[in-house]
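Enquirer: Data: coords-v5.txt, compact mmCIF, C-alpha atoms.
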```
# COMPACT_ATOMS: atom_id res chain seq x y z
CA MET I 1 26.43 -30.58 -43.11
CA MET I 2 22.86 -30.61 -42.05
CA THR I 3 20.58 -33.28 -43.35
CA ARG I 4 17.93 -32.40 -45.86
CA LYS I 5 15.12 -32.99 -43.39
CA THR I 6 16.31 -30.64 -40.65
CA LEU I 7 17.10 -28.03 -43.27
CA ASP I 8 13.54 -28.21 -44.61
CA LEU I 9 12.19 -28.06 -41.08
CA TRP I 10 14.10 -24.88 -40.22
CA VAL I 11 13.21 -23.17 -43.48
CA GLY I 12 9.59 -24.18 -42.97
CA VAL I 13 9.62 -22.69 -39.48
CA PHE I 14 11.20 -19.52 -40.87
CA VAL I 15 8.60 -19.09 -43.60
CA ALA I 16 5.79 -19.85 -41.15
CA ILE I 17 7.02 -17.20 -38.70
CA GLY I 18 7.35 -14.71 -41.55
CA LEU I 19 3.84 -15.33 -42.84
CA GLY I 20 2.56 -15.28 -39.25
CA ALA I 21 4.15 -11.85 -38.76
CA LEU I 22 2.48 -10.61 -41.95
CA LEU I 23 -0.85 -11.96 -40.75
CA PHE I 24 -0.32 -10.28 -37.38
CA LEU I 25 0.39 -6.98 -39.11
CA ALA I 26 -2.64 -7.31 -41.36
CA LEU I 27 -5.16 -8.34 -38.72
CA LYS I 28 -3.96 -6.93 -35.42
CA VAL I 29 -2.02 -3.84 -36.47
CA GLY I 30 -3.89 -2.93 -39.63
CA ASN I 31 -7.59 -2.61 -40.28
CA LEU I 32 -8.01 -5.43 -42.77
CA ALA I 33 -10.34 -7.36 -40.49
CA SER I 34 -12.59 -4.49 -39.51
CA PHE I 35 -13.53 -2.74 -42.70
CA SER I 36 -12.46 -3.56 -46.19
CA ALA I 37 -14.12 -6.98 -46.05
CA ALA I 38 -17.61 -5.63 -45.29
CA GLU I 39 -19.90 -4.64 -48.15
CA THR I 40 -20.52 -0.94 -48.49
CA TYR I 41 -22.72 1.50 -50.35
CA LEU I 42 -21.77 4.93 -51.57
CA ILE I 43 -23.49 8.20 -50.66
CA LYS I 44 -22.51 11.71 -51.66
CA ALA I 45 -22.75 15.12 -50.07
CA ASN I 46 -21.79 18.68 -51.02
CA PHE I 47 -20.13 20.97 -48.51
CA ASP I 48 -19.35 24.68 -48.69
CA ASN I 49 -16.08 24.04 -46.92
CA ILE I 50 -14.56 20.76 -45.85
CA GLY I 51 -11.76 22.26 -43.75
CA GLY I 52 -9.06 19.65 -43.24
CA LEU I 53 -11.09 16.55 -44.11
CA LYS I 54 -9.01 13.85 -45.75
CA LYS I 55 -9.65 10.69 -47.72
CA ARG I 56 -10.28 7.64 -45.50
CA ALA I 57 -11.42 9.85 -42.62
CA PRO I 58 -14.07 8.09 -40.53
CA VAL I 59 -17.80 8.66 -40.99
CA LYS I 60 -19.51 8.41 -37.62
CA SER I 61 -23.06 8.34 -36.43
CA ALA I 62 -23.71 8.70 -32.71
CA GLY I 63 -19.96 8.25 -32.26
CA VAL I 64 -19.87 4.83 -33.95
CA VAL I 65 -17.73 4.49 -37.09
CA VAL I 66 -20.15 3.47 -39.87
CA GLY I 67 -18.01 4.21 -42.92
CA ARG I 68 -15.09 6.02 -44.52
CA VAL I 69 -14.62 9.03 -46.79
CA GLU I 70 -13.93 7.49 -50.17
CA ASP I 71 -13.27 10.47 -52.39
CA ILE I 72 -13.11 14.26 -52.23
CA GLY I 73 -13.69 16.38 -55.32
CA PHE I 74 -14.53 19.92 -56.37
CA ASP I 75 -17.69 20.87 -58.26
CA THR I 76 -16.79 23.57 -60.78
CA GLU I 77 -20.44 24.65 -61.26
CA THR I 78 -21.47 25.30 -57.68
CA TYR I 79 -17.92 25.79 -56.35
CA GLU I 80 -18.59 23.33 -53.58
CA ALA I 81 -16.64 20.34 -52.32
CA THR I 82 -18.14 16.96 -53.18
CA VAL I 83 -17.48 14.17 -50.74
CA ALA I 84 -18.24 10.51 -51.45
CA MET I 85 -18.58 8.23 -48.44
CA SER I 86 -18.75 4.45 -48.36
CA ILE I 87 -21.11 3.26 -45.63
CA ASP I 88 -21.24 -0.24 -44.22
CA LYS I 89 -24.22 -2.19 -45.66
CA ARG I 90 -25.28 -3.15 -42.13
CA TYR I 91 -26.19 0.44 -41.31
CA GLU I 92 -29.11 2.00 -43.15
CA PHE I 93 -30.01 5.66 -42.83
CA PRO I 94 -33.23 7.60 -43.54
CA LYS I 95 -33.40 9.71 -46.70
CA ASP I 96 -33.28 13.03 -44.81
CA THR I 97 -30.07 12.25 -42.92
CA SER I 98 -27.81 15.27 -42.51
CA ALA I 99 -24.01 15.39 -42.52
CA LYS I 100 -21.71 17.63 -40.49
CA ILE I 101 -17.95 17.96 -40.53
CA LEU I 102 -16.73 17.68 -36.97
CA THR I 103 -13.38 17.68 -35.24
CA ALA I 104 -12.20 15.03 -32.82
CA GLY I 105 -10.87 16.94 -29.83
CA LEU I 106 -9.71 20.53 -30.09
CA LEU I 107 -7.08 20.08 -32.78
CA GLY I 108 -7.71 16.47 -33.73
CA GLU I 109 -8.52 14.97 -37.12
CA GLN I 110 -11.78 15.86 -38.83
CA TYR I 111 -14.54 13.39 -39.51
CA ILE I 112 -18.08 13.40 -40.84
CA GLY I 113 -20.95 13.03 -38.41
CA LEU I 114 -24.26 11.72 -39.73
CA SER I 115 -27.48 12.51 -37.87
CA ALA I 116 -30.48 10.47 -38.88
CA GLY I 117 -33.75 12.19 -39.75
CA GLY I 118 -37.32 10.93 -39.53
CA ASP I 119 -37.99 9.85 -43.11
CA THR I 120 -39.23 6.29 -43.64
CA GLY I 121 -37.38 5.84 -46.98
CA LYS I 122 -33.79 4.63 -46.73
CA LEU I 123 -30.68 5.96 -48.48
CA LYS I 124 -29.58 3.89 -51.45
CA ASP I 125 -26.29 3.52 -53.28
CA GLY I 126 -25.38 6.80 -55.04
CA ASP I 127 -27.88 8.98 -53.16
CA LYS I 128 -26.99 12.54 -52.21
CA LEU I 129 -27.46 14.11 -48.79
CA LYS I 130 -29.38 17.38 -48.97
CA VAL I 131 -28.62 18.95 -45.60
CA THR I 132 -24.96 19.47 -44.81
CA GLN I 133 -23.00 21.64 -42.45
CA SER I 134 -19.47 22.78 -43.23
CA ALA I 135 -16.37 22.50 -41.16
CA VAL I 136 -15.74 25.20 -38.62
CA VAL I 137 -12.80 27.26 -39.83
CA LEU I 138 -10.95 28.76 -36.90
CA GLU I 139 -9.94 31.95 -38.76
CA ASN I 140 -13.58 32.72 -39.61
CA LEU I 141 -14.61 32.21 -36.01
CA ILE I 142 -11.89 34.53 -34.74
CA SER I 143 -12.63 37.26 -37.28
CA GLN I 144 -16.34 37.03 -36.44
CA PHE I 145 -15.50 37.40 -32.79
CA LEU I 146 -13.26 40.40 -33.46
CA PHE I 147 -15.92 42.12 -35.60
CA ASN I 148 -18.47 41.62 -32.86
CA LYS I 149 -16.06 43.12 -30.34
CA ALA I 150 -15.46 46.11 -32.58
CA ALA I 151 -19.19 46.63 -33.05
CA ASP I 152 -19.72 46.41 -29.29
CA SER I 153 -17.03 48.95 -28.49
CA ASN I 154 -18.47 51.33 -31.13
CA LYS I 155 -21.88 51.12 -29.45
CA ASN I 156 -20.39 51.75 -26.00
CA SER I 157 -18.46 54.81 -27.12
CA LYS I 158 -21.59 56.48 -28.52
CA MET U 1 50.62 20.74 -63.66
CA ASN U 2 51.25 17.06 -63.69
CA ALA U 3 49.44 16.69 -60.38
CA VAL U 4 46.33 18.44 -61.76
CA THR U 5 46.09 16.31 -64.89
CA GLY U 6 46.76 13.24 -62.80
CA PHE U 7 43.94 14.21 -60.48
CA LEU U 8 41.52 14.79 -63.38
CA GLU U 9 42.58 11.53 -64.96
CA ASN U 10 41.89 9.78 -61.70
CA ILE U 11 38.36 11.22 -61.45
CA GLY U 12 37.61 10.37 -65.08
CA GLY U 13 38.94 6.87 -64.66
CA ARG U 14 36.79 6.29 -61.58
CA ALA U 15 33.67 7.62 -63.32
CA THR U 16 34.08 5.46 -66.41
CA SER U 17 34.97 2.38 -64.39
CA SER U 18 31.89 2.76 -62.17
CA ILE U 19 29.65 3.14 -65.23
CA HIS U 20 31.40 0.15 -66.76
CA ARG U 21 30.65 -1.85 -63.62
CA LEU U 22 27.02 -0.71 -63.61
CA GLY U 23 26.62 -1.96 -67.16
CA PHE U 24 28.22 -5.28 -66.29
CA ALA U 25 26.01 -5.57 -63.21
CA SER U 26 22.87 -5.00 -65.30
CA ARG U 27 23.96 -7.58 -67.85
CA PHE U 28 24.74 -9.93 -64.97
CA LEU U 29 21.23 -9.43 -63.52
CA LEU U 30 19.68 -10.26 -66.88
CA LEU U 31 21.85 -13.34 -67.24
CA MET U 32 20.89 -14.44 -63.75
CA LEU U 33 17.16 -14.02 -64.43
CA GLN U 34 17.48 -15.98 -67.66
CA ASN U 35 19.26 -18.81 -65.88
CA SER U 36 17.03 -19.04 -62.83
CA GLY U 37 14.61 -21.58 -64.31
CA MET U 38 16.80 -24.44 -63.13
CA CYS U 39 16.82 -23.43 -59.47
CA PHE U 40 13.03 -23.25 -59.39
CA ARG U 41 12.82 -26.78 -60.76
CA ARG U 42 15.29 -27.91 -58.09
CA PHE U 43 13.79 -25.90 -55.26
CA SER U 44 16.02 -27.56 -52.64
CA LEU U 45 18.86 -25.36 -53.89
CA ILE U 46 16.89 -22.26 -52.89
CA VAL U 47 15.77 -23.85 -49.61
CA ARG U 48 19.40 -24.40 -48.62
CA GLU U 49 20.22 -20.76 -49.32
CA ILE U 50 17.11 -19.52 -47.50
CA TYR U 51 18.49 -21.36 -44.50
CA SER U 52 21.80 -19.53 -44.56
CA ALA U 53 20.41 -16.11 -45.57
CA GLY U 54 17.08 -16.11 -43.74
CA VAL U 55 17.00 -18.58 -40.86
CA LEU U 56 20.45 -17.64 -39.60
CA SER U 57 19.47 -13.93 -39.67
CA LEU U 58 16.40 -14.69 -37.58
CA ILE U 59 17.90 -13.99 -34.16
CA ILE U 60 19.46 -10.63 -35.00
CA ILE U 61 16.28 -9.48 -36.77
CA LEU U 62 13.95 -10.50 -33.95
CA VAL U 63 16.11 -9.10 -31.16
CA SER U 64 16.78 -5.78 -32.88
CA GLY U 65 13.10 -5.49 -33.83
CA LEU U 66 12.14 -5.93 -30.21
CA PHE U 67 14.63 -3.31 -29.03
CA VAL U 68 13.74 -0.79 -31.73
CA GLY U 69 10.08 -1.16 -30.82
CA MET U 70 10.80 -0.74 -27.11
CA VAL U 71 12.87 2.40 -27.74
CA LEU U 72 10.10 3.78 -29.94
CA GLY U 73 7.69 3.10 -27.10
CA LEU U 74 9.79 5.00 -24.58
CA GLN U 75 10.68 7.94 -26.81
CA GLY U 76 7.22 8.19 -28.34
CA TYR U 77 5.56 8.19 -24.95
CA ASP U 78 7.89 10.92 -23.73
CA THR U 79 6.97 13.20 -26.64
CA LEU U 80 3.28 12.37 -26.92
CA GLU U 81 2.77 12.84 -23.19
CA ARG U 82 3.60 16.55 -23.54
CA TYR U 83 0.58 16.97 -25.81
CA GLY U 84 -1.62 14.78 -23.67
CA SER U 85 -2.04 12.24 -26.44
CA SER U 86 -0.14 9.25 -25.10
CA SER U 87 -3.01 7.04 -26.26
CA ALA U 88 -1.73 7.57 -29.82
CA LEU U 89 1.46 5.69 -28.89
CA GLY U 90 0.29 2.58 -30.76
CA VAL U 91 -0.22 4.60 -33.94
CA LEU U 92 3.24 6.12 -33.71
CA VAL U 93 4.98 2.80 -33.07
CA ALA U 94 3.06 0.86 -35.71
CA LEU U 95 3.21 3.44 -38.49
CA SER U 96 6.90 4.20 -38.10
CA LEU U 97 7.74 0.49 -38.02
CA VAL U 98 5.49 -0.69 -40.84
CA ARG U 99 6.23 2.19 -43.18
CA GLU U 100 9.91 2.89 -42.60
CA LEU U 101 11.89 1.23 -39.86
CA GLY U 102 10.78 -2.33 -40.56
CA PRO U 103 11.90 -2.52 -44.18
CA VAL U 104 14.88 -0.17 -43.82
CA VAL U 105 16.49 -1.45 -40.62
CA ALA U 106 15.78 -5.07 -41.54
CA GLY U 107 17.32 -4.32 -44.95
CA LEU U 108 20.45 -2.81 -43.39
CA LEU U 109 20.81 -5.75 -41.02
CA PHE U 110 20.19 -8.17 -43.86
CA ALA U 111 22.86 -6.45 -45.96
CA SER U 112 25.48 -6.71 -43.25
CA ARG U 113 24.48 -10.16 -41.97
CA ALA U 114 23.57 -12.06 -45.15
CA GLY U 115 24.78 -9.85 -48.01
CA SER U 116 28.37 -9.82 -46.81
CA ALA U 117 28.29 -13.59 -46.31
CA ILE U 118 27.02 -14.14 -49.86
CA THR U 119 29.75 -11.92 -51.31
CA ALA U 120 32.49 -13.56 -49.29
CA GLU U 121 31.29 -17.05 -50.22
CA ILE U 122 31.02 -16.41 -53.93
CA GLY U 123 34.25 -14.39 -53.98
CA LEU U 124 36.11 -17.20 -52.27
CA MET U 125 34.59 -19.77 -54.62
CA LYS U 126 35.92 -17.70 -57.47
CA ALA U 127 39.35 -17.21 -55.86
CA THR U 128 39.73 -20.94 -55.27
CA GLU U 129 38.58 -21.59 -58.84
CA GLN U 130 35.52 -23.58 -57.82
CA LEU U 131 33.40 -21.62 -60.28
CA ASP U 132 35.81 -22.41 -63.09
CA ALA U 133 35.80 -26.06 -62.06
CA MET U 134 32.01 -26.11 -62.33
CA GLU U 135 32.20 -24.65 -65.79
CA MET U 136 34.68 -27.37 -66.74
CA MET U 137 32.10 -29.94 -65.64
CA ALA U 138 29.51 -28.21 -67.84
CA VAL U 139 27.60 -26.92 -64.80
CA ASP U 140 26.62 -23.30 -65.24
CA PRO U 141 27.85 -21.54 -62.05
CA ILE U 142 25.32 -18.74 -62.54
CA ALA U 143 22.39 -21.15 -62.55
CA ARG U 144 23.83 -23.43 -59.85
CA VAL U 145 25.46 -20.99 -57.40
CA ILE U 146 24.37 -17.42 -58.10
CA ALA U 147 20.67 -17.62 -58.98
CA PRO U 148 19.60 -19.70 -55.92
CA ARG U 149 21.33 -17.22 -53.61
CA PHE U 150 19.64 -14.31 -55.35
CA TRP U 151 16.16 -15.81 -55.12
CA ALA U 152 16.70 -16.92 -51.52
CA GLY U 153 17.53 -13.33 -50.60
CA VAL U 154 14.52 -11.97 -52.47
CA ILE U 155 12.22 -14.44 -50.69
CA SER U 156 13.76 -14.00 -47.22
CA MET U 157 13.89 -10.23 -47.08
CA PRO U 158 10.11 -9.43 -46.98
CA LEU U 159 9.58 -12.17 -44.40
CA LEU U 160 12.38 -10.79 -42.23
CA ALA U 161 11.01 -7.24 -42.55
CA ALA U 162 7.54 -8.42 -41.54
CA MET U 163 9.01 -10.20 -38.51
CA PHE U 164 10.96 -7.08 -37.61
CA SER U 165 7.81 -4.92 -37.73
CA GLY U 166 5.74 -7.46 -35.83
CA MET U 167 8.39 -7.82 -33.15
CA GLY U 168 8.73 -4.04 -32.95
CA VAL U 169 5.01 -3.55 -32.41
CA PHE U 170 5.20 -6.17 -29.69
CA GLY U 171 8.15 -4.32 -28.11
CA GLY U 172 6.20 -1.07 -28.21
CA TYR U 173 3.28 -2.85 -26.58
CA LEU U 174 5.51 -4.25 -23.84
CA VAL U 175 6.96 -0.86 -22.95
CA GLY U 176 3.89 1.27 -23.61
CA VAL U 177 1.16 -0.87 -22.11
CA ARG U 178 2.92 -3.24 -19.71
CA LEU U 179 5.63 -0.96 -18.37
CA ILE U 180 4.30 2.60 -18.60
CA GLY U 181 0.61 1.81 -18.43
CA VAL U 182 -0.92 3.34 -21.57
CA ASP U 183 -4.49 2.10 -21.92
CA GLU U 184 -4.40 -1.21 -23.76
CA GLY U 185 -7.70 -0.72 -25.59
CA SER U 186 -6.81 2.64 -27.08
CA PHE U 187 -3.30 1.45 -27.91
CA TRP U 188 -4.65 -1.28 -30.22
CA SER U 189 -7.83 0.38 -31.48
CA GLN U 190 -6.18 3.67 -32.45
CA MET U 191 -3.45 1.68 -34.15
CA GLN U 192 -5.98 -0.34 -36.10
CA SER U 193 -7.94 2.69 -37.21
CA ALA U 194 -4.80 4.52 -38.36
CA VAL U 195 -2.87 1.74 -40.09
CA ASP U 196 -4.29 0.94 -43.49
CA PHE U 197 -3.60 -2.47 -44.99
CA ARG U 198 -3.05 -1.33 -48.57
CA GLU U 199 -1.57 2.08 -47.92
CA ASP U 200 0.82 1.20 -45.12
CA ILE U 201 1.40 -2.53 -44.77
CA LEU U 202 1.41 -3.48 -48.43
CA ASN U 203 3.65 -0.53 -49.32
CA GLY U 204 6.03 -1.65 -46.58
CA VAL U 205 6.10 -5.14 -48.06
CA ILE U 206 6.77 -3.70 -51.53
CA LYS U 207 9.66 -1.70 -50.07
CA SER U 208 11.16 -4.78 -48.46
CA VAL U 209 10.91 -6.76 -51.71
CA VAL U 210 12.72 -3.95 -53.55
CA PHE U 211 15.41 -3.82 -50.85
CA GLY U 212 15.76 -7.61 -51.01
CA ILE U 213 16.36 -7.47 -54.76
CA ALA U 214 18.83 -4.58 -54.42
CA VAL U 215 20.84 -6.09 -51.57
CA THR U 216 21.19 -9.59 -53.00
CA TRP U 217 21.87 -8.32 -56.48
CA ILE U 218 24.72 -6.15 -55.18
CA ALA U 219 25.97 -9.02 -52.97
CA VAL U 220 26.11 -11.69 -55.69
CA PHE U 221 27.55 -9.24 -58.22
CA GLU U 222 30.30 -8.03 -55.92
CA GLY U 223 31.18 -11.63 -55.13
CA TYR U 224 31.22 -12.64 -58.78
CA ASP U 225 33.22 -9.56 -59.79
CA ALA U 226 35.72 -9.74 -56.91
CA PRO U 227 39.42 -9.97 -57.83
CA PRO U 228 40.46 -13.55 -56.99
CA THR U 229 42.78 -12.62 -54.12
CA ALA U 230 42.33 -12.43 -50.36
CA GLU U 231 42.48 -8.64 -50.58
CA GLY U 232 40.00 -8.57 -53.43
CA VAL U 233 37.43 -10.66 -51.55
CA SER U 234 37.71 -8.53 -48.42
CA GLY U 235 37.34 -5.37 -50.50
CA ALA U 236 34.30 -6.79 -52.27
CA THR U 237 32.68 -7.70 -48.94
CA THR U 238 33.19 -4.16 -47.64
CA ARG U 239 31.82 -2.72 -50.87
CA THR U 240 28.72 -4.92 -50.62
CA VAL U 241 27.85 -3.58 -47.19
CA VAL U 242 28.55 0.06 -48.09
CA THR U 243 26.87 0.03 -51.50
CA SER U 244 23.80 -1.90 -50.44
CA SER U 245 23.28 0.21 -47.30
CA LEU U 246 23.49 3.39 -49.34
CA SER U 247 21.21 2.08 -52.05
CA ILE U 248 18.65 0.95 -49.45
CA LEU U 249 18.51 4.49 -48.06
CA ALA U 250 18.37 6.12 -51.50
CA LEU U 251 15.70 3.68 -52.75
CA ASP U 252 13.75 4.22 -49.56
CA PHE U 253 13.66 7.95 -50.21
CA MET U 254 12.44 7.43 -53.76
CA LEU U 255 9.81 4.84 -52.83
CA THR U 256 8.55 6.98 -49.95
CA ALA U 257 8.25 9.98 -52.27
CA PHE U 258 6.13 7.88 -54.64
CA MET U 259 4.02 6.07 -52.06
CA PHE U 260 3.24 8.52 -49.30
CA ARG U 261 3.30 11.89 -50.99
CA GLY U 262 0.08 13.78 -50.36
CA ALA U 263 -2.59 11.09 -49.89
```
Any chance you could give the structure as structure tokens?
Expert:
Amino acid sequence: MMTRKTLDLWVGVFVAIGLGALLFLALKVGNLASFSAAETYLIKANFDNIGGLKKRAPVKSAGVVVGRVEDIGFDTETYEATVAMSIDKRYEFPKDTSAKILTAGLLGEQYIGLSAGGDTGKLKDGDKLKVTQSAVVLENLISQFLFNKAADSNKNSK
Amino acid sequence: MNAVTGFLENIGGRATSSIHRLGFASRFLLLMLQNSGMCFRRFSLIVREIYSAGVLSLIIILVSGLFVGMVLGLQGYDTLERYGSSSALGVLVALSLVRELGPVVAGLLFASRAGSAITAEIGLMKATEQLDAMEMMAVDPIARVIAPRFWAGVISMPLLAAMFSGMGVFGGYLVGVRLIGVDEGSFWSQMQSAVDFREDILNGVIKSVVFGIAVTWIAVFEGYDAPPTAEGVSGATTRTVVTSSLSILALDFMLTAFMFRGA
């Protein structure tokens, strides 16, 4: 039988490795270190169409991730999508910042791109963005293209 | 005619006896929880059992985690490469390990490595009348023998699953980055942006806790309920492995349906 001391030592090593693995998962594999610790403020925006945007999608400005999509809802009065974004407190944006829904790569995930305007006032917690641009829906693009083609061929035949 | 009624009788008997056993198992769990105060006051009892259930499972968990991660790295690279997105290899390896493979495979290994040992030990203690002897000495065998083993399993299982996932991610890194040459920066950064702490890692930990409870509960119950013969103990050990493996997979389906539906 093993003595009490060696037993405690082994169990201690075991628990330490286990907690170390959890810490590794949380810090190196997961995003605990990078985002949830930082303070954020919330801004809102309405979009005609959000395409495939999902909760927790990144919010980028000039390609840098500055926040996350916090919540997506539907406004029953204007029939628009309402998107709430939490933005890192370190990054302040002018009041006339505009938001676009963009796609990473050809078929990649969708994210929100913020482009700063020239206003001197800064966005505060709970503010709403006025200028937004919807997601590009592939079907609409294709049908537009086809209609244009049809119109062209009509003109040529006359 | 006789054969048909005999067959029906057999089915009915099996159904009622399994429900009977389920009821006894639930009562046994309650009894065990009520009597587990003593083993928390004498924590060395649990420590001893953590050694045999957790520390001795360490090697098999770490080695299989490493290999599962390396296989994921190879297979994932092969598939992702066709779509030109081999930089997402880290995401694939980490998400599949943290969400599913870590808790489930570690749970299956734990059931066959530690669960069977617990059943065999308790079953043999019962067969050799050690449990009865304890009761004669006014020592409650449930508080002294059963409860520490249960809690040791519940504590060890999440730690083992976390080690499995961590080792697997490391294995995926070895194959993906070191061997094949996926870009190291995008391997880690895409992984970090895709794996959420609450959504993925914490849910994986919750899964492993649930599996730990299920496996050790089944193991101690089968041991306690085993017929006190050599055949009975061997049958109980087999049943532990089969039942706990099946219940891990069924529970995993249910938990996944709750946790990751939609989002």
Enquirer: Give me, as a PyMOL selection string, the contact residues of chain I against chain U at a cut-off of 10 Å, counting only C-alpha atoms.
Expert: chain I and resi 2+4+7-36+54-58+65
Enquirer: Within 10 Å of (-15.0, 16.6, -36.2) (file coordinates; all atoms listed in the file), which protein or nucleic acid residues are there? I'd like them as a PDB file with C-alpha atoms, keeping the file's coordinate frame.
Expert:
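Final file, part.pdb:
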```
ATOM      1  CA  GLY I  51     -11.760  22.260 -43.750  1.00  0.00           C
ATOM      2  CA  GLY I  52      -9.060  19.650 -43.240  1.00  0.00           C
ATOM      3  CA  LEU I  53     -11.090  16.550 -44.110  1.00  0.00           C
ATOM      4  CA  ALA I  57     -11.420   9.850 -42.620  1.00  0.00           C
ATOM      5  CA  PRO I  58     -14.070   8.090 -40.530  1.00  0.00           C
ATOM      6  CA  VAL I  59     -17.800   8.660 -40.990  1.00  0.00           C
ATOM      7  CA  LYS I  60     -19.510   8.410 -37.620  1.00  0.00           C
ATOM      8  CA  LYS I 100     -21.710  17.630 -40.490  1.00  0.00           C
ATOM      9  CA  ILE I 101     -17.950  17.960 -40.530  1.00  0.00           C
ATOM     10  CA  LEU I 102     -16.730  17.680 -36.970  1.00  0.00           C
ATOM     11  CA  THR I 103     -13.380  17.680 -35.240  1.00  0.00           C
ATOM     12  CA  ALA I 104     -12.200  15.030 -32.820  1.00  0.00           C
ATOM     13  CA  GLY I 105     -10.870  16.940 -29.830  1.00  0.00           C
ATOM     14  CA  LEU I 106      -9.710  20.530 -30.090  1.00  0.00           C
ATOM     15  CA  LEU I 107      -7.080  20.080 -32.780  1.00  0.00           C
ATOM     16  CA  GLY I 108      -7.710  16.470 -33.730  1.00  0.00           C
ATOM     17  CA  GLU I 109      -8.520  14.970 -37.120  1.00  0.00           C
ATOM     18  CA  GLN I 110     -11.780  15.860 -38.830  1.00  0.00           C
ATOM     19  CA  TYR I 111     -14.540  13.390 -39.510  1.00  0.00           C
ATOM     20  CA  ILE I 112     -18.080  13.400 -40.840  1.00  0.00           C
ATOM     21  CA  GLY I 113     -20.950  13.030 -38.410  1.00  0.00           C
ATOM     22  CA  ALA I 135     -16.370  22.500 -41.160  1.00  0.00           C
ATOM     23  CA  VAL I 136     -15.740  25.200 -38.620  1.00  0.00           C
TER      24      VAL I 136
END
```
Enquirer: For region 79-94 of chain I, please output as an MDAnalysis selection string all residues within 8 Å (counting only C-alpha atoms; exclusion window: fewer than 5 positions along the same chain).
Expert: chainID I and resid 38:50 59 66:74 116:123
Enquirer: Would you save the residues from that selection as a short mmCIF file (atom, residue, chain, number, x, y, z; two decimals), keeping the file's coordinate frame, using C-alpha atoms?
Expert:
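What landed in part.cif:
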```
data_model
loop_
_atom_site.label_atom_id
_atom_site.label_comp_id
_atom_site.auth_asym_id
_atom_site.auth_seq_id
_atom_site.Cartn_x
_atom_site.Cartn_y
_atom_site.Cartn_z
CA ALA I 38 -17.61 -5.63 -45.29
CA GLU I 39 -19.90 -4.64 -48.15
CA THR I 40 -20.52 -0.94 -48.49
CA TYR I 41 -22.72 1.50 -50.35
CA LEU I 42 -21.77 4.93 -51.57
CA ILE I 43 -23.49 8.20 -50.66
CA LYS I 44 -22.51 11.71 -51.66
CA ALA I 45 -22.75 15.12 -50.07
CA ASN I 46 -21.79 18.68 -51.02
CA PHE I 47 -20.13 20.97 -48.51
CA ASP I 48 -19.35 24.68 -48.69
CA ASN I 49 -16.08 24.04 -46.92
CA ILE I 50 -14.56 20.76 -45.85
CA VAL I 59 -17.80 8.66 -40.99
CA VAL I 66 -20.15 3.47 -39.87
CA GLY I 67 -18.01 4.21 -42.92
CA ARG I 68 -15.09 6.02 -44.52
CA VAL I 69 -14.62 9.03 -46.79
CA GLU I 70 -13.93 7.49 -50.17
CA ASP I 71 -13.27 10.47 -52.39
CA ILE I 72 -13.11 14.26 -52.23
CA GLY I 73 -13.69 16.38 -55.32
CA PHE I 74 -14.53 19.92 -56.37
CA ALA I 116 -30.48 10.47 -38.88
CA GLY I 117 -33.75 12.19 -39.75
CA GLY I 118 -37.32 10.93 -39.53
CA ASP I 119 -37.99 9.85 -43.11
CA THR I 120 -39.23 6.29 -43.64
CA GLY I 121 -37.38 5.84 -46.98
CA LYS I 122 -33.79 4.63 -46.73
CA LEU I 123 -30.68 5.96 -48.48
#
```
Enquirer: List the neighbours of Gly69 (chain U) out to 6 Å using all atoms listed in the file; skip same-chain residues closer than 6 positions along the sequence, and give me the result as a list of chain:residue names.
Expert: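 Surrounding residues, per the criterion: U:Gly168, U:Val169, U:Gly171, U:Gly172.
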Enquirer: What is the CA of Thr16 (chain U) to CA of Thr237 (chain U) distance in Å?
Expert: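 One can read the CA of Thr16 (chain U) to CA of Thr237 (chain U) distance as 21.9 Å.
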Enquirer: Tell me which protein, DNA and RNA residues are within 12 Å of Ile180 (chain U), counting all atoms listed in the file, leaving out same-chain ones fewer than 2 positions away, and put them as a list in words.
Expert: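 Skipping anything fewer than 2 positions along the chain leaves Met70, Gly73, Leu74, Gln75, Gly76, Tyr77, Asp78, Glu81, Ser86, Ser87, Leu89, Gly172, Tyr173, Leu174, Val175, Gly176, Val177, Arg178, Val182, Asp183 and Glu184 of chain U.
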Enquirer: Keeping only C-alpha atoms, take the residues you just selected and write them out as a tab-separated table (two decimals), in the frame of the given file.
Expert:
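In the end it all went to part08.tsv:
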```tsv
chain	number	residue	atom	x	y	z
U	70	MET	CA	10.80	-0.74	-27.11
U	73	GLY	CA	7.69	3.10	-27.10
U	74	LEU	CA	9.79	5.00	-24.58
U	75	GLN	CA	10.68	7.94	-26.81
U	76	GLY	CA	7.22	8.19	-28.34
U	77	TYR	CA	5.56	8.19	-24.95
U	78	ASP	CA	7.89	10.92	-23.73
U	81	GLU	CA	2.77	12.84	-23.19
U	86	SER	CA	-0.14	9.25	-25.10
U	87	SER	CA	-3.01	7.04	-26.26
U	89	LEU	CA	1.46	5.69	-28.89
U	172	GLY	CA	6.20	-1.07	-28.21
U	173	TYR	CA	3.28	-2.85	-26.58
U	174	LEU	CA	5.51	-4.25	-23.84
U	175	VAL	CA	6.96	-0.86	-22.95
U	176	GLY	CA	3.89	1.27	-23.61
U	177	VAL	CA	1.16	-0.87	-22.11
U	178	ARG	CA	2.92	-3.24	-19.71
U	182	VAL	CA	-0.92	3.34	-21.57
U	183	ASP	CA	-4.49	2.10	-21.92
U	184	GLU	CA	-4.40	-1.21	-23.76
```
Enquirer: What does the structure give for the distance between CA of Val63 (chain U) and CA of Lys5 (chain I), in Å to one decimal?
Expert: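 If I compute the distance from CA of Val63 (chain U) to CA of Lys5 (chain I), I get 26.9 Å.
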